[in-house]
file my_file.cif (mmCIF, C-alpha atoms)
data_input
#
loop_
_atom_site.label_atom_id
_atom_site.label_comp_id
_atom_site.auth_asym_id
_atom_site.auth_seq_id
_atom_site.Cartn_x
_atom_site.Cartn_y
_atom_site.Cartn_z
CA MET N 1 0.00 0.00 0.00
CA SER N 2 1.43 3.35 -1.04
CA VAL N 3 0.81 6.34 1.21
CA SER N 4 2.00 9.83 0.36
CA ILE N 5 4.68 11.28 2.58
CA ALA N 6 2.35 14.20 3.37
CA ALA N 7 -0.32 11.73 4.58
CA LEU N 8 2.30 9.94 6.67
CA PHE N 9 3.41 13.18 8.38
CA GLN N 10 -0.21 14.24 8.97
CA ARG N 11 -0.40 11.32 11.43
CA LEU N 12 1.99 13.07 13.81
CA THR N 13 -0.09 14.53 16.61
CA GLN N 14 0.38 18.26 16.87
CA GLY N 15 -1.81 21.20 17.67
CA VAL N 16 -2.47 24.44 15.84
CA TYR N 17 -1.38 27.72 17.34
CA MET N 18 -1.38 31.44 16.66
CA VAL N 19 2.11 32.64 17.56
CA GLY N 20 2.39 36.32 18.36
CA VAL N 21 5.55 38.42 18.06
CA ALA N 22 6.33 42.05 18.80
CA HIS N 23 9.13 44.57 18.87
CA GLY N 24 8.43 48.10 20.02
CA ASP N 25 5.02 49.10 18.65
CA VAL N 26 5.12 46.58 15.79
CA ARG N 27 3.11 43.37 16.25
CA ASN N 28 2.34 40.41 14.04
CA ALA N 29 1.22 36.79 14.29
CA PHE N 30 1.35 33.57 12.32
CA THR N 31 -0.19 30.10 12.41
CA ALA N 32 2.12 27.33 13.57
CA ALA N 33 1.82 23.61 14.19
CA TRP N 34 5.41 22.91 15.19
CA VAL N 35 5.24 23.90 18.87
CA MET N 36 6.02 21.68 21.86
CA GLN N 37 7.03 21.61 25.50
CA VAL N 38 10.69 20.65 25.91
CA SER N 39 11.35 20.99 29.67
CA PHE N 40 9.67 21.06 33.08
CA ASP N 41 12.46 22.84 34.95
CA PRO N 42 12.57 25.48 33.71
CA LEU N 43 9.29 25.41 31.77
CA LEU N 44 10.35 25.67 28.13
CA LEU N 45 8.46 25.67 24.84
CA ALA N 46 10.04 25.30 21.41
CA LEU N 47 8.70 26.41 18.05
CA SER N 48 9.94 26.06 14.53
CA ILE N 49 9.83 29.06 12.20
CA ASN N 50 11.01 29.70 8.67
CA PRO N 51 13.78 32.33 8.91
CA HIS N 52 12.41 33.97 5.73
CA HIS N 53 8.97 34.50 7.34
CA SER N 54 8.20 38.17 8.03
CA CYS N 55 7.54 37.38 11.73
CA TYR N 56 11.02 35.97 12.27
CA ARG N 57 12.60 39.44 12.31
CA LEU N 58 10.16 40.58 15.03
CA LEU N 59 10.82 37.41 17.02
CA LYS N 60 14.59 37.98 16.88
CA GLU N 61 14.33 41.69 17.71
CA GLY N 62 11.70 41.33 20.44
CA ARG N 63 13.27 38.16 21.93
CA ALA N 64 9.81 36.91 22.94
CA PHE N 65 6.73 35.16 21.56
CA SER N 66 3.23 34.19 22.63
CA VAL N 67 1.66 30.81 21.88
CA ASN N 68 -2.12 30.96 21.58
CA VAL N 69 -3.73 27.50 21.55
CA LEU N 70 -6.52 27.36 18.97
CA LYS N 71 -9.74 25.47 19.70
CA LYS N 72 -11.28 22.75 17.59
CA GLY N 73 -13.52 24.61 15.15
CA GLN N 74 -11.34 27.74 14.84
CA LEU N 75 -10.14 26.91 11.33
CA ASP N 76 -11.05 30.45 10.21
CA LEU N 77 -8.49 31.87 12.68
CA ALA N 78 -5.86 29.34 11.63
CA GLU N 79 -6.42 30.34 7.98
CA HIS N 80 -6.41 34.06 8.78
CA TYR N 81 -3.05 33.96 10.59
CA GLY N 82 -1.65 31.52 8.04
CA ARG N 83 -1.98 34.08 5.24
CA PRO N 84 0.96 36.22 4.14
CA ALA N 85 1.72 39.28 6.25
CA ARG N 86 -0.48 42.33 5.83
CA ALA N 87 -0.44 45.61 7.71
CA ASP N 88 -3.91 44.91 9.15
CA LYS N 89 -3.47 41.21 9.95
CA LEU N 90 -4.23 41.72 13.65
CA SER N 91 -7.32 43.87 13.08
CA GLY N 92 -10.74 42.24 13.29
CA THR N 93 -9.63 39.74 15.93
CA GLU N 94 -10.25 40.14 19.66
CA LEU N 95 -6.72 40.64 20.96
CA THR N 96 -5.07 41.95 24.05
CA THR N 97 -1.39 42.29 24.78
CA ASP N 98 0.84 41.18 27.62
CA ARG N 99 3.51 43.18 29.46
CA LEU N 100 5.92 42.49 26.58
CA GLY N 101 3.44 43.75 23.97
CA LEU N 102 2.83 40.27 22.53
CA PRO N 103 -0.54 39.63 20.86
CA LEU N 104 -2.83 37.41 22.95
CA LEU N 105 -5.97 35.97 21.40
CA ARG N 106 -9.03 36.46 23.63
CA GLU N 107 -10.81 33.59 21.79
CA ALA N 108 -7.97 31.10 22.35
CA LEU N 109 -8.24 27.98 24.50
CA ALA N 110 -5.11 29.12 26.35
CA TRP N 111 -2.00 31.22 25.85
CA PHE N 112 1.62 31.23 26.94
CA GLU N 113 4.14 34.09 27.10
CA CYS N 114 7.75 33.11 26.38
CA GLN N 115 11.13 34.83 26.41
CA VAL N 116 13.60 33.53 23.83
CA LEU N 117 16.56 31.65 25.31
CA HIS N 118 18.10 29.86 22.33
CA GLU N 119 17.89 29.40 18.58
CA TYR N 120 19.15 26.41 16.60
CA PRO N 121 19.28 25.88 12.83
CA ALA N 122 16.91 23.08 11.82
CA GLY N 123 17.02 22.44 8.08
CA ASP N 124 14.93 25.07 6.30
CA HIS N 125 13.61 26.35 9.67
CA VAL N 126 14.98 27.67 12.95
CA LEU N 127 14.11 26.01 16.25
CA VAL N 128 13.44 28.68 18.90
CA VAL N 129 13.37 27.74 22.60
CA GLY N 130 11.58 30.07 24.97
CA LYS N 131 11.16 30.16 28.74
CA VAL N 132 7.50 30.33 29.78
CA ILE N 133 7.04 33.47 31.88
CA GLY N 134 3.23 33.60 31.91
CA GLY N 135 0.11 31.90 30.70
CA ARG N 136 -3.60 31.53 31.11
CA LEU N 137 -6.24 28.86 30.52
CA LEU N 138 -9.21 30.66 28.96
CA ASP N 139 -11.60 27.79 28.16
CA SER N 140 -11.16 24.61 30.19
CA GLU N 141 -14.05 22.90 28.36
CA ALA N 142 -12.70 23.34 24.83
CA GLU N 143 -10.60 20.84 22.91
CA PRO N 144 -7.48 21.97 21.05
CA MET N 145 -7.44 21.98 17.27
CA SER N 146 -5.22 19.34 15.70
CA TYR N 147 -3.07 19.96 12.67
CA ARG N 148 -4.81 17.19 10.76
CA GLN N 149 -8.08 19.15 11.04
CA THR N 150 -6.56 21.90 8.88
CA GLY N 151 -6.40 19.61 5.82
CA GLU N 152 -4.51 21.24 2.97
CA MET N 153 -4.84 24.75 4.40
CA ASP N 154 -1.07 25.40 4.41
CA GLY N 155 -0.19 23.62 1.15
CA ALA N 156 2.53 21.66 2.96
CA SER N 157 1.95 18.47 0.95
CA ALA N 158 3.66 20.12 -2.01
CA LEU N 159 6.82 20.65 0.09
CA PHE N 160 7.43 17.00 0.98
CA PRO N 161 9.85 14.94 -1.12
CA ASP N 162 8.48 12.25 -3.41
CA VAL N 163 10.34 9.46 -1.58
CA LEU N 164 11.95 8.98 1.82
CA GLY N 165 15.72 8.65 2.20
CA ASP N 166 18.61 9.93 0.17
#
call {"tool": "encode", "arguments": {"input": "my_file.cif", "output": "structure tokens"}}
result
Amino acid sequence: MSVSIAALFQRLTQGVYMVGVAHGDVRNAFTAAWVMQVSFDPLLLALSINPHHSCYRLLKEGRAFSVNVLKKGQLDLAEHYGRPARADKLSGTELTTDRLGLPLLREALAWFECQVLHEYPAGDHVLVVGKVIGGRLLDSEAEPMSYRQTGEMDGASALFPDVLGD
């Protein structure tokens, strides 16, 4: 039985998040699925970001990021923040900001505030590790959105190789 590599990777369990970044008065956000906890002591989260993404510059300059956990059924928000950067990307969404100026989604299931500790090259992305300095559970009854529920929203299946290995 032949299964596409994209279908294989869609079986990895991962959530869908709106990641907020800021530097000075400039704020932006993007949809991410590659976010995970990497330590209990200290509490650390890691995310993977394309260094050519417009938000990467703000993340590097601001040295912080927010992770907003999207709920099952919030595909419209995942799509909105997955679109290319626009000047008004944050308008029309119920947002607040934290003490670092990071965008926090009022409609999220939960959010985390993180200060960047380390960056590591990871193929065509950069792995960013941040120390959790704040967070809030906003809807304890909701279930988180899974990446598989986004279908072909991000067009990632076109980025996978045709075969595994060298």
call {"tool": "residues_around", "arguments": {"input": "my_file.cif", "residues": "stretch 34-45 of chain N", "least_positions_apart": "5", "cutoff": "6 Å", "atoms": "all atoms listed in the file", "output": "list in words"}}
result
Val129, Gly130, Lys131 and Val132 of chain N
call {"tool": "closest_atom_pairs", "arguments": {"input": "my_file.cif", "of": "stretch 3-76 of chain N", "to": "stretch 89-105 of chain N", "cutoff": "12 Å", "atoms": "all atoms listed in the file", "output": "Markdown table"}}
result
| residue | atom | partner | partner_atom | distance |
| --- | --- | --- | --- | --- |
| N:Tyr17 | CA | N:Leu105 | CA | 10.3 |
| N:Met18 | CA | N:Leu105 | CA | 8.0 |
| N:Val19 | CA | N:Pro103 | CA | 8.2 |
| N:Gly20 | CA | N:Pro103 | CA | 5.1 |
| N:Val21 | CA | N:Leu102 | CA | 5.5 |
| N:Ala22 | CA | N:Leu102 | CA | 5.4 |
| N:His23 | CA | N:Gly101 | CA | 7.7 |
| N:Gly24 | CA | N:Gly101 | CA | 7.7 |
| N:Asp25 | CA | N:Gly101 | CA | 7.7 |
| N:Val26 | CA | N:Gly101 | CA | 8.8 |
| N:Arg27 | CA | N:Pro103 | CA | 7.0 |
| N:Asn28 | CA | N:Leu90 | CA | 6.7 |
| N:Ala29 | CA | N:Pro103 | CA | 7.4 |
| N:Phe30 | CA | N:Lys89 | CA | 9.3 |
| N:Thr31 | CA | N:Lys89 | CA | 11.8 |
| N:Cys55 | CA | N:Lys89 | CA | 11.8 |
| N:Leu58 | CA | N:Leu102 | CA | 10.5 |
| N:Leu59 | CA | N:Leu102 | CA | 10.1 |
| N:Gly62 | CA | N:Leu100 | CA | 8.5 |
| N:Arg63 | CA | N:Leu100 | CA | 9.7 |
| N:Ala64 | CA | N:Leu100 | CA | 7.7 |
| N:Phe65 | CA | N:Leu102 | CA | 6.5 |
| N:Ser66 | CA | N:Leu102 | CA | 6.1 |
| N:Val67 | CA | N:Leu104 | CA | 8.1 |
| N:Asn68 | CA | N:Leu105 | CA | 6.3 |
| N:Val69 | CA | N:Leu105 | CA | 8.8 |
| N:Leu70 | CA | N:Leu105 | CA | 9.0 |
| N:Lys71 | CA | N:Leu105 | CA | 11.3 |
| N:Gln74 | CA | N:Leu105 | CA | 11.8 |
| N:Asp76 | CA | N:Thr93 | CA | 11.0 |
call {"tool": "write_last_selection", "arguments": {"input": "my_file.cif", "atoms": "C-alpha atoms", "output": "PDB file, in the frame of the given file"}}
result
ATOM      1  CA  TYR N  17      -1.380  27.720  17.340  1.00  0.00           C
ATOM      2  CA  MET N  18      -1.380  31.440  16.660  1.00  0.00           C
ATOM      3  CA  VAL N  19       2.110  32.640  17.560  1.00  0.00           C
ATOM      4  CA  GLY N  20       2.390  36.320  18.360  1.00  0.00           C
ATOM      5  CA  VAL N  21       5.550  38.420  18.060  1.00  0.00           C
ATOM      6  CA  ALA N  22       6.330  42.050  18.800  1.00  0.00           C
ATOM      7  CA  HIS N  23       9.130  44.570  18.870  1.00  0.00           C
ATOM      8  CA  GLY N  24       8.430  48.100  20.020  1.00  0.00           C
ATOM      9  CA  ASP N  25       5.020  49.100  18.650  1.00  0.00           C
ATOM     10  CA  VAL N  26       5.120  46.580  15.790  1.00  0.00           C
ATOM     11  CA  ARG N  27       3.110  43.370  16.250  1.00  0.00           C
ATOM     12  CA  ASN N  28       2.340  40.410  14.040  1.00  0.00           C
ATOM     13  CA  ALA N  29       1.220  36.790  14.290  1.00  0.00           C
ATOM     14  CA  PHE N  30       1.350  33.570  12.320  1.00  0.00           C
ATOM     15  CA  THR N  31      -0.190  30.100  12.410  1.00  0.00           C
ATOM     16  CA  CYS N  55       7.540  37.380  11.730  1.00  0.00           C
ATOM     17  CA  LEU N  58      10.160  40.580  15.030  1.00  0.00           C
ATOM     18  CA  LEU N  59      10.820  37.410  17.020  1.00  0.00           C
ATOM     19  CA  GLY N  62      11.700  41.330  20.440  1.00  0.00           C
ATOM     20  CA  ARG N  63      13.270  38.160  21.930  1.00  0.00           C
ATOM     21  CA  ALA N  64       9.810  36.910  22.940  1.00  0.00           C
ATOM     22  CA  PHE N  65       6.730  35.160  21.560  1.00  0.00           C
ATOM     23  CA  SER N  66       3.230  34.190  22.630  1.00  0.00           C
ATOM     24  CA  VAL N  67       1.660  30.810  21.880  1.00  0.00           C
ATOM     25  CA  ASN N  68      -2.120  30.960  21.580  1.00  0.00           C
ATOM     26  CA  VAL N  69      -3.730  27.500  21.550  1.00  0.00           C
ATOM     27  CA  LEU N  70      -6.520  27.360  18.970  1.00  0.00           C
ATOM     28  CA  LYS N  71      -9.740  25.470  19.700  1.00  0.00           C
ATOM     29  CA  GLN N  74     -11.340  27.740  14.840  1.00  0.00           C
ATOM     30  CA  ASP N  76     -11.050  30.450  10.210  1.00  0.00           C
TER      31      ASP N  76
END
call {"tool": "atom_distance", "arguments": {"input": "my_file.cif", "atom1": "atom CA of N:Arg11", "atom2": "atom CA of N:Ser146"}}
result
10.3 Å
call {"tool": "resolve_selection", "arguments": {"input": "my_file.cif", "expression": "the PyMOL selection byres ((chain N and resi 118) around 7)", "output": "VMD selection string"}}
result
chain N and resid 116 to 117 119 to 120 128 to 129
call {"tool": "residues_around", "arguments": {"input": "my_file.cif", "residues": "N:Pro144", "least_positions_apart": "6", "cutoff": "12 Å", "atoms": "all atoms listed in the file", "output": "list in words"}}
result
Thr13, Gln14, Gly15, Val16, Tyr17, Ala33, Asn68, Val69, Leu70, Lys71, Lys72, Gly73, Gln74, Leu75, Ala108, Leu109, Ala110, Trp111, Leu137 and Leu138 of chain N
call {"tool": "decode", "arguments": {"input": "my_file.cif", "residues": "stretch 112-127 of chain N", "atoms": "all heavy atoms", "output": "PDB file, in the first residue's frame"}}
result
ATOM      1  N   PHE N 112       0.355  31.252  26.217  1.00  0.00           N
ATOM      2  CA  PHE N 112       1.622  31.234  26.940  1.00  0.00           C
ATOM      3  C   PHE N 112       2.440  32.447  26.498  1.00  0.00           C
ATOM      4  O   PHE N 112       2.402  32.810  25.326  1.00  0.00           O
ATOM      5  CB  PHE N 112       2.441  29.980  26.605  1.00  0.00           C
ATOM      6  CG  PHE N 112       1.759  28.691  26.925  1.00  0.00           C
ATOM      7  CD1 PHE N 112       0.889  28.104  26.018  1.00  0.00           C
ATOM      8  CD2 PHE N 112       1.998  28.054  28.136  1.00  0.00           C
ATOM      9  CE1 PHE N 112       0.264  26.898  26.312  1.00  0.00           C
ATOM     10  CE2 PHE N 112       1.367  26.855  28.438  1.00  0.00           C
ATOM     11  CZ  PHE N 112       0.510  26.282  27.525  1.00  0.00           C
ATOM     12  N   GLU N 113       3.192  33.031  27.415  1.00  0.00           N
ATOM     13  CA  GLU N 113       4.144  34.089  27.100  1.00  0.00           C
ATOM     14  C   GLU N 113       5.537  33.505  27.290  1.00  0.00           C
ATOM     15  O   GLU N 113       5.812  32.890  28.322  1.00  0.00           O
ATOM     16  CB  GLU N 113       3.997  35.262  28.054  1.00  0.00           C
ATOM     17  CG  GLU N 113       2.622  35.879  28.092  1.00  0.00           C
ATOM     18  CD  GLU N 113       2.475  36.750  29.326  1.00  0.00           C
ATOM     19  OE1 GLU N 113       2.222  36.193  30.410  1.00  0.00           O
ATOM     20  OE2 GLU N 113       2.629  37.978  29.194  1.00  0.00           O
ATOM     21  N   CYS N 114       6.414  33.708  26.323  1.00  0.00           N
ATOM     22  CA  CYS N 114       7.752  33.109  26.378  1.00  0.00           C
ATOM     23  C   CYS N 114       8.828  34.123  26.024  1.00  0.00           C
ATOM     24  O   CYS N 114       8.660  34.925  25.110  1.00  0.00           O
ATOM     25  CB  CYS N 114       7.850  31.948  25.392  1.00  0.00           C
ATOM     26  SG  CYS N 114       6.653  30.634  25.677  1.00  0.00           S
ATOM     27  N   GLN N 115       9.947  34.047  26.743  1.00  0.00           N
ATOM     28  CA  GLN N 115      11.128  34.830  26.406  1.00  0.00           C
ATOM     29  C   GLN N 115      12.128  33.903  25.733  1.00  0.00           C
ATOM     30  O   GLN N 115      12.395  32.804  26.229  1.00  0.00           O
ATOM     31  CB  GLN N 115      11.750  35.451  27.650  1.00  0.00           C
ATOM     32  CG  GLN N 115      10.914  36.592  28.196  1.00  0.00           C
ATOM     33  CD  GLN N 115      11.596  37.313  29.334  1.00  0.00           C
ATOM     34  OE1 GLN N 115      12.162  36.693  30.225  1.00  0.00           O
ATOM     35  NE2 GLN N 115      11.524  38.626  29.316  1.00  0.00           N
ATOM     36  N   VAL N 116      12.671  34.344  24.607  1.00  0.00           N
ATOM     37  CA  VAL N 116      13.600  33.528  23.827  1.00  0.00           C
ATOM     38  C   VAL N 116      14.893  33.297  24.605  1.00  0.00           C
ATOM     39  O   VAL N 116      15.494  34.236  25.113  1.00  0.00           O
ATOM     40  CB  VAL N 116      13.903  34.187  22.469  1.00  0.00           C
ATOM     41  CG1 VAL N 116      15.001  33.425  21.727  1.00  0.00           C
ATOM     42  CG2 VAL N 116      12.642  34.274  21.616  1.00  0.00           C
ATOM     43  N   LEU N 117      15.287  32.022  24.690  1.00  0.00           N
ATOM     44  CA  LEU N 117      16.559  31.648  25.314  1.00  0.00           C
ATOM     45  C   LEU N 117      17.598  31.239  24.282  1.00  0.00           C
ATOM     46  O   LEU N 117      18.769  31.592  24.397  1.00  0.00           O
ATOM     47  CB  LEU N 117      16.365  30.481  26.284  1.00  0.00           C
ATOM     48  CG  LEU N 117      15.536  30.713  27.533  1.00  0.00           C
ATOM     49  CD1 LEU N 117      15.476  29.432  28.361  1.00  0.00           C
ATOM     50  CD2 LEU N 117      16.112  31.852  28.350  1.00  0.00           C
ATOM     51  N   HIS N 118      17.165  30.431  23.298  1.00  0.00           N
ATOM     52  CA  HIS N 118      18.105  29.861  22.329  1.00  0.00           C
ATOM     53  C   HIS N 118      17.449  29.747  20.957  1.00  0.00           C
ATOM     54  O   HIS N 118      16.239  29.655  20.842  1.00  0.00           O
ATOM     55  CB  HIS N 118      18.539  28.440  22.736  1.00  0.00           C
ATOM     56  CG  HIS N 118      19.025  28.323  24.133  1.00  0.00           C
ATOM     57  ND1 HIS N 118      20.248  28.786  24.542  1.00  0.00           N
ATOM     58  CD2 HIS N 118      18.449  27.774  25.234  1.00  0.00           C
ATOM     59  CE1 HIS N 118      20.409  28.541  25.827  1.00  0.00           C
ATOM     60  NE2 HIS N 118      19.325  27.936  26.276  1.00  0.00           N
ATOM     61  N   GLU N 119      18.305  29.708  19.945  1.00  0.00           N
ATOM     62  CA  GLU N 119      17.889  29.400  18.575  1.00  0.00           C
ATOM     63  C   GLU N 119      18.855  28.376  18.010  1.00  0.00           C
ATOM     64  O   GLU N 119      20.058  28.440  18.291  1.00  0.00           O
ATOM     65  CB  GLU N 119      17.941  30.646  17.690  1.00  0.00           C
ATOM     66  CG  GLU N 119      16.890  31.662  17.974  1.00  0.00           C
ATOM     67  CD  GLU N 119      16.910  32.789  16.944  1.00  0.00           C
ATOM     68  OE1 GLU N 119      17.343  32.553  15.784  1.00  0.00           O
ATOM     69  OE2 GLU N 119      16.503  33.887  17.297  1.00  0.00           O
ATOM     70  N   TYR N 120      18.324  27.452  17.220  1.00  0.00           N
ATOM     71  CA  TYR N 120      19.145  26.411  16.600  1.00  0.00           C
ATOM     72  C   TYR N 120      18.711  26.244  15.149  1.00  0.00           C
ATOM     73  O   TYR N 120      17.514  26.159  14.863  1.00  0.00           O
ATOM     74  CB  TYR N 120      18.948  25.064  17.316  1.00  0.00           C
ATOM     75  CG  TYR N 120      19.220  25.130  18.797  1.00  0.00           C
ATOM     76  CD1 TYR N 120      18.173  25.286  19.706  1.00  0.00           C
ATOM     77  CD2 TYR N 120      20.513  25.024  19.293  1.00  0.00           C
ATOM     78  CE1 TYR N 120      18.417  25.350  21.073  1.00  0.00           C
ATOM     79  CE2 TYR N 120      20.766  25.080  20.656  1.00  0.00           C
ATOM     80  CZ  TYR N 120      19.706  25.242  21.533  1.00  0.00           C
ATOM     81  OH  TYR N 120      19.953  25.306  22.882  1.00  0.00           O
ATOM     82  N   PRO N 121      19.667  26.171  14.210  1.00  0.00           N
ATOM     83  CA  PRO N 121      19.283  25.876  12.833  1.00  0.00           C
ATOM     84  C   PRO N 121      18.664  24.485  12.757  1.00  0.00           C
ATOM     85  O   PRO N 121      19.116  23.563  13.435  1.00  0.00           O
ATOM     86  CB  PRO N 121      20.603  25.933  12.058  1.00  0.00           C
ATOM     87  CG  PRO N 121      21.694  26.101  13.045  1.00  0.00           C
ATOM     88  CD  PRO N 121      21.097  26.302  14.398  1.00  0.00           C
ATOM     89  N   ALA N 122      17.606  24.364  11.965  1.00  0.00           N
ATOM     90  CA  ALA N 122      16.913  23.081  11.817  1.00  0.00           C
ATOM     91  C   ALA N 122      16.446  22.938  10.370  1.00  0.00           C
ATOM     92  O   ALA N 122      15.284  23.192  10.052  1.00  0.00           O
ATOM     93  CB  ALA N 122      15.737  22.992  12.796  1.00  0.00           C
ATOM     94  N   GLY N 123      17.363  22.577   9.491  1.00  0.00           N
ATOM     95  CA  GLY N 123      17.019  22.435   8.077  1.00  0.00           C
ATOM     96  C   GLY N 123      16.603  23.778   7.496  1.00  0.00           C
ATOM     97  O   GLY N 123      17.314  24.766   7.632  1.00  0.00           O
ATOM     98  N   ASP N 124      15.407  23.824   6.891  1.00  0.00           N
ATOM     99  CA  ASP N 124      14.931  25.073   6.297  1.00  0.00           C
ATOM    100  C   ASP N 124      14.208  25.958   7.318  1.00  0.00           C
ATOM    101  O   ASP N 124      13.627  26.975   6.960  1.00  0.00           O
ATOM    102  CB  ASP N 124      14.041  24.804   5.080  1.00  0.00           C
ATOM    103  CG  ASP N 124      12.796  23.990   5.403  1.00  0.00           C
ATOM    104  OD1 ASP N 124      12.589  23.607   6.572  1.00  0.00           O
ATOM    105  OD2 ASP N 124      12.010  23.736   4.463  1.00  0.00           O
ATOM    106  N   HIS N 125      14.232  25.575   8.593  1.00  0.00           N
ATOM    107  CA  HIS N 125      13.609  26.346   9.665  1.00  0.00           C
ATOM    108  C   HIS N 125      14.625  26.634  10.769  1.00  0.00           C
ATOM    109  O   HIS N 125      15.753  26.165  10.717  1.00  0.00           O
ATOM    110  CB  HIS N 125      12.409  25.584  10.256  1.00  0.00           C
ATOM    111  CG  HIS N 125      11.163  25.727   9.444  1.00  0.00           C
ATOM    112  ND1 HIS N 125      11.076  25.331   8.138  1.00  0.00           N
ATOM    113  CD2 HIS N 125       9.961  26.234   9.769  1.00  0.00           C
ATOM    114  CE1 HIS N 125       9.857  25.593   7.682  1.00  0.00           C
ATOM    115  NE2 HIS N 125       9.157  26.150   8.661  1.00  0.00           N
ATOM    116  N   VAL N 126      14.195  27.398  11.749  1.00  0.00           N
ATOM    117  CA  VAL N 126      14.979  27.672  12.946  1.00  0.00           C
ATOM    118  C   VAL N 126      14.148  27.208  14.135  1.00  0.00           C
ATOM    119  O   VAL N 126      12.949  27.506  14.217  1.00  0.00           O
ATOM    120  CB  VAL N 126      15.296  29.185  13.085  1.00  0.00           C
ATOM    121  CG1 VAL N 126      15.976  29.483  14.413  1.00  0.00           C
ATOM    122  CG2 VAL N 126      16.148  29.654  11.920  1.00  0.00           C
ATOM    123  N   LEU N 127      14.775  26.460  15.030  1.00  0.00           N
ATOM    124  CA  LEU N 127      14.113  26.011  16.253  1.00  0.00           C
ATOM    125  C   LEU N 127      14.393  27.062  17.324  1.00  0.00           C
ATOM    126  O   LEU N 127      15.545  27.365  17.619  1.00  0.00           O
ATOM    127  CB  LEU N 127      14.662  24.652  16.681  1.00  0.00           C
ATOM    128  CG  LEU N 127      13.966  23.984  17.845  1.00  0.00           C
ATOM    129  CD1 LEU N 127      12.530  23.632  17.483  1.00  0.00           C
ATOM    130  CD2 LEU N 127      14.729  22.741  18.251  1.00  0.00           C
TER     131      LEU N 127
END
